[in-house]
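First up is the structure itself, then whatever we jot down about it.
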Amino acid sequence: MKCMYCGCEESKVLDSRSTDETNSIRRRRECLGCGKRFTTYETIEMTPILVVKNDGSRQAFDINKIKNGMIKACEKRPVTINQIEEVASNIEKNLQNNFSQEVASSKIGEMVMEELKNIDEVAYVRFASVYKQFKDIESFKKLLQEL
């Protein structure tokens, strides 16, 4: 870490603490060149995830799209906003840990459906009916029989 006063690249860490969000660490340092103290912050650098849509276009991953879709599917159901937040967060972590920088939108949809199936079957059917774009009642019946 370069000293902001003298430019020396040697310093020692005097104190480290996590910040309120716990996504970064505050470090108090002392320059070995001039002896002055300064504070630095370390944060985790997240690699951006691009979602590949069905038409081949790409857009940045947006967790709010997952939340909004789930909220619509869970309307008037006994599913709390905390459950929705937790599922969306788990999906985002899974994407960060297990995929490259690009992921198909269909994979995200499948992940949401799998989570909804475990939380509320009615919400699952609602989400699946929009996600799979049912053309007729037979498609709907087939999904219900799978449950």
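Numbering starts fresh at 1 for the residues of each chain in the structure tokens, the chains themselves are lettered A, B, ... in the order given, and ligands are numbered from 1 as they appear.
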Distance table requested - range 9-106 of chain A against range 113-136 of chain A, cut-off 10 Å, only C-alpha atoms: one row per qualifying residue with the closest atom pair and its distance in Å to one decimal, ordered by chain and rising residue number, as CSV.
residue,atom,partner,partner_atom,distance
A:Gly69,CA,A:Phe127,CA,7.4
A:Met70,CA,A:Phe127,CA,7.3
A:Ile71,CA,A:Ala123,CA,9.1
A:Lys72,CA,A:Phe127,CA,8.1
A:Ala73,CA,A:Ala123,CA,4.8
A:Cys74,CA,A:Ala123,CA,5.0
A:Glu75,CA,A:Ala123,CA,8.0
A:Lys76,CA,A:Ala123,CA,9.5
A:Arg77,CA,A:Ala123,CA,7.4
A:Pro78,CA,A:Asp120,CA,8.1
A:Val79,CA,A:Asp120,CA,7.4
A:Gln83,CA,A:Ile119,CA,8.4
A:Ile84,CA,A:Leu116,CA,9.1
A:Val87,CA,A:Glu115,CA,6.8
A:Ala88,CA,A:Glu115,CA,9.3
A:Asn90,CA,A:Glu115,CA,9.5
A:Ile91,CA,A:Glu115,CA,8.9
A:Ser106,CA,A:Tyr131,CA,8.8
Output of the above residues as a PDB file, in the first residue's frame, restricted to N, CA and C atoms:
ATOM      1  N   GLY A  69     -40.099 -10.845  -9.715  1.00  0.00           N
ATOM      2  CA  GLY A  69     -40.796 -12.002 -10.264  1.00  0.00           C
ATOM      3  C   GLY A  69     -41.348 -12.897  -9.169  1.00  0.00           C
ATOM      4  N   MET A  70     -40.558 -13.067  -8.118  1.00  0.00           N
ATOM      5  CA  MET A  70     -41.013 -13.897  -7.008  1.00  0.00           C
ATOM      6  C   MET A  70     -42.136 -13.217  -6.234  1.00  0.00           C
ATOM      7  N   ILE A  71     -42.047 -11.915  -6.057  1.00  0.00           N
ATOM      8  CA  ILE A  71     -43.103 -11.193  -5.343  1.00  0.00           C
ATOM      9  C   ILE A  71     -44.430 -11.336  -6.077  1.00  0.00           C
ATOM     10  N   LYS A  72     -44.406 -11.222  -7.411  1.00  0.00           N
ATOM     11  CA  LYS A  72     -45.632 -11.397  -8.196  1.00  0.00           C
ATOM     12  C   LYS A  72     -46.188 -12.805  -8.043  1.00  0.00           C
ATOM     13  N   ALA A  73     -45.310 -13.801  -8.074  1.00  0.00           N
ATOM     14  CA  ALA A  73     -45.750 -15.194  -7.953  1.00  0.00           C
ATOM     15  C   ALA A  73     -46.280 -15.501  -6.560  1.00  0.00           C
ATOM     16  N   CYS A  74     -45.799 -14.787  -5.557  1.00  0.00           N
ATOM     17  CA  CYS A  74     -46.165 -15.078  -4.165  1.00  0.00           C
ATOM     18  C   CYS A  74     -47.275 -14.169  -3.626  1.00  0.00           C
ATOM     19  N   GLU A  75     -47.883 -13.360  -4.500  1.00  0.00           N
ATOM     20  CA  GLU A  75     -48.960 -12.482  -4.041  1.00  0.00           C
ATOM     21  C   GLU A  75     -50.069 -13.294  -3.391  1.00  0.00           C
ATOM     22  N   LYS A  76     -50.532 -12.812  -2.247  1.00  0.00           N
ATOM     23  CA  LYS A  76     -51.620 -13.436  -1.488  1.00  0.00           C
ATOM     24  C   LYS A  76     -51.296 -14.863  -1.054  1.00  0.00           C
ATOM     25  N   ARG A  77     -50.015 -15.135  -0.886  1.00  0.00           N
ATOM     26  CA  ARG A  77     -49.558 -16.434  -0.411  1.00  0.00           C
ATOM     27  C   ARG A  77     -48.810 -16.217   0.904  1.00  0.00           C
ATOM     28  N   PRO A  78     -48.696 -17.245   1.739  1.00  0.00           N
ATOM     29  CA  PRO A  78     -48.013 -17.085   3.037  1.00  0.00           C
ATOM     30  C   PRO A  78     -46.488 -17.143   2.917  1.00  0.00           C
ATOM     31  N   VAL A  79     -45.944 -16.325   2.026  1.00  0.00           N
ATOM     32  CA  VAL A  79     -44.498 -16.271   1.829  1.00  0.00           C
ATOM     33  C   VAL A  79     -44.040 -14.883   2.257  1.00  0.00           C
ATOM     34  N   GLN A  83     -38.206 -14.460   3.184  1.00  0.00           N
ATOM     35  CA  GLN A  83     -37.967 -15.695   2.426  1.00  0.00           C
ATOM     36  C   GLN A  83     -37.566 -15.363   0.988  1.00  0.00           C
ATOM     37  N   ILE A  84     -38.252 -14.390   0.395  1.00  0.00           N
ATOM     38  CA  ILE A  84     -37.941 -13.986  -0.982  1.00  0.00           C
ATOM     39  C   ILE A  84     -36.532 -13.420  -1.057  1.00  0.00           C
ATOM     40  N   VAL A  87     -33.978 -16.290  -0.740  1.00  0.00           N
ATOM     41  CA  VAL A  87     -33.886 -17.088  -1.962  1.00  0.00           C
ATOM     42  C   VAL A  87     -33.102 -16.327  -3.025  1.00  0.00           C
ATOM     43  N   ALA A  88     -33.429 -15.046  -3.211  1.00  0.00           N
ATOM     44  CA  ALA A  88     -32.739 -14.239  -4.223  1.00  0.00           C
ATOM     45  C   ALA A  88     -31.248 -14.139  -3.901  1.00  0.00           C
ATOM     46  N   ASN A  90     -29.471 -16.305  -2.154  1.00  0.00           N
ATOM     47  CA  ASN A  90     -28.865 -17.622  -2.375  1.00  0.00           C
ATOM     48  C   ASN A  90     -28.601 -17.866  -3.856  1.00  0.00           C
ATOM     49  N   ILE A  91     -29.536 -17.453  -4.695  1.00  0.00           N
ATOM     50  CA  ILE A  91     -29.353 -17.622  -6.143  1.00  0.00           C
ATOM     51  C   ILE A  91     -28.169 -16.785  -6.619  1.00  0.00           C
ATOM     52  N   SER A 106     -32.373 -18.794 -18.831  1.00  0.00           N
ATOM     53  CA  SER A 106     -33.148 -20.008 -18.552  1.00  0.00           C
ATOM     54  C   SER A 106     -32.638 -20.717 -17.303  1.00  0.00           C
TER      55      SER A 106
END
Please identify which residues in chain A DSSP calls helix (DSSP H, G or I) from the backbone, and express them as a count of residues only. 65
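Reported to one decimal place, the separation of CA of Ala60 in chain A from CA of Glu92 in chain A is 12.4 Å.
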Ser89 in chain A: which residues within 12 Å, counting only C-alpha atoms, same-chain residues fewer than 4 positions away excluded, as a ChimeraX atom specification? /A:62-64,66-67,82-85,93-96,111-112,115
Record the distance separating CA of Leu147 in chain A and CA of Ala104 in chain A, expressed in Å with one decimal. 25.0 Å
Tell me, counting only C-alpha atoms, for each residue of range 30-66 of chain A within 8 Å of range 6-9 of chain A, which pair of atoms is nearest and how far apart they are in Å to one decimal, in rows ordered by chain and increasing number, as CSV.
residue,atom,partner,partner_atom,distance
A:Cys31,CA,A:Cys8,CA,7.1
A:Leu32,CA,A:Cys8,CA,7.6
A:Gly33,CA,A:Cys8,CA,5.9
A:Cys34,CA,A:Cys6,CA,6.7
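Closest approach to Met46 in chain A among A:Ser105, A:Asn23, A:Ser16, A:Gln145: A:Asn23, based on only C-alpha atoms.
Counting only C-alpha atoms and comparing A:Asn97, A:Arg29, A:Met1, A:Ser11, the residue that lies closest to Thr47 in chain A is A:Asn97.
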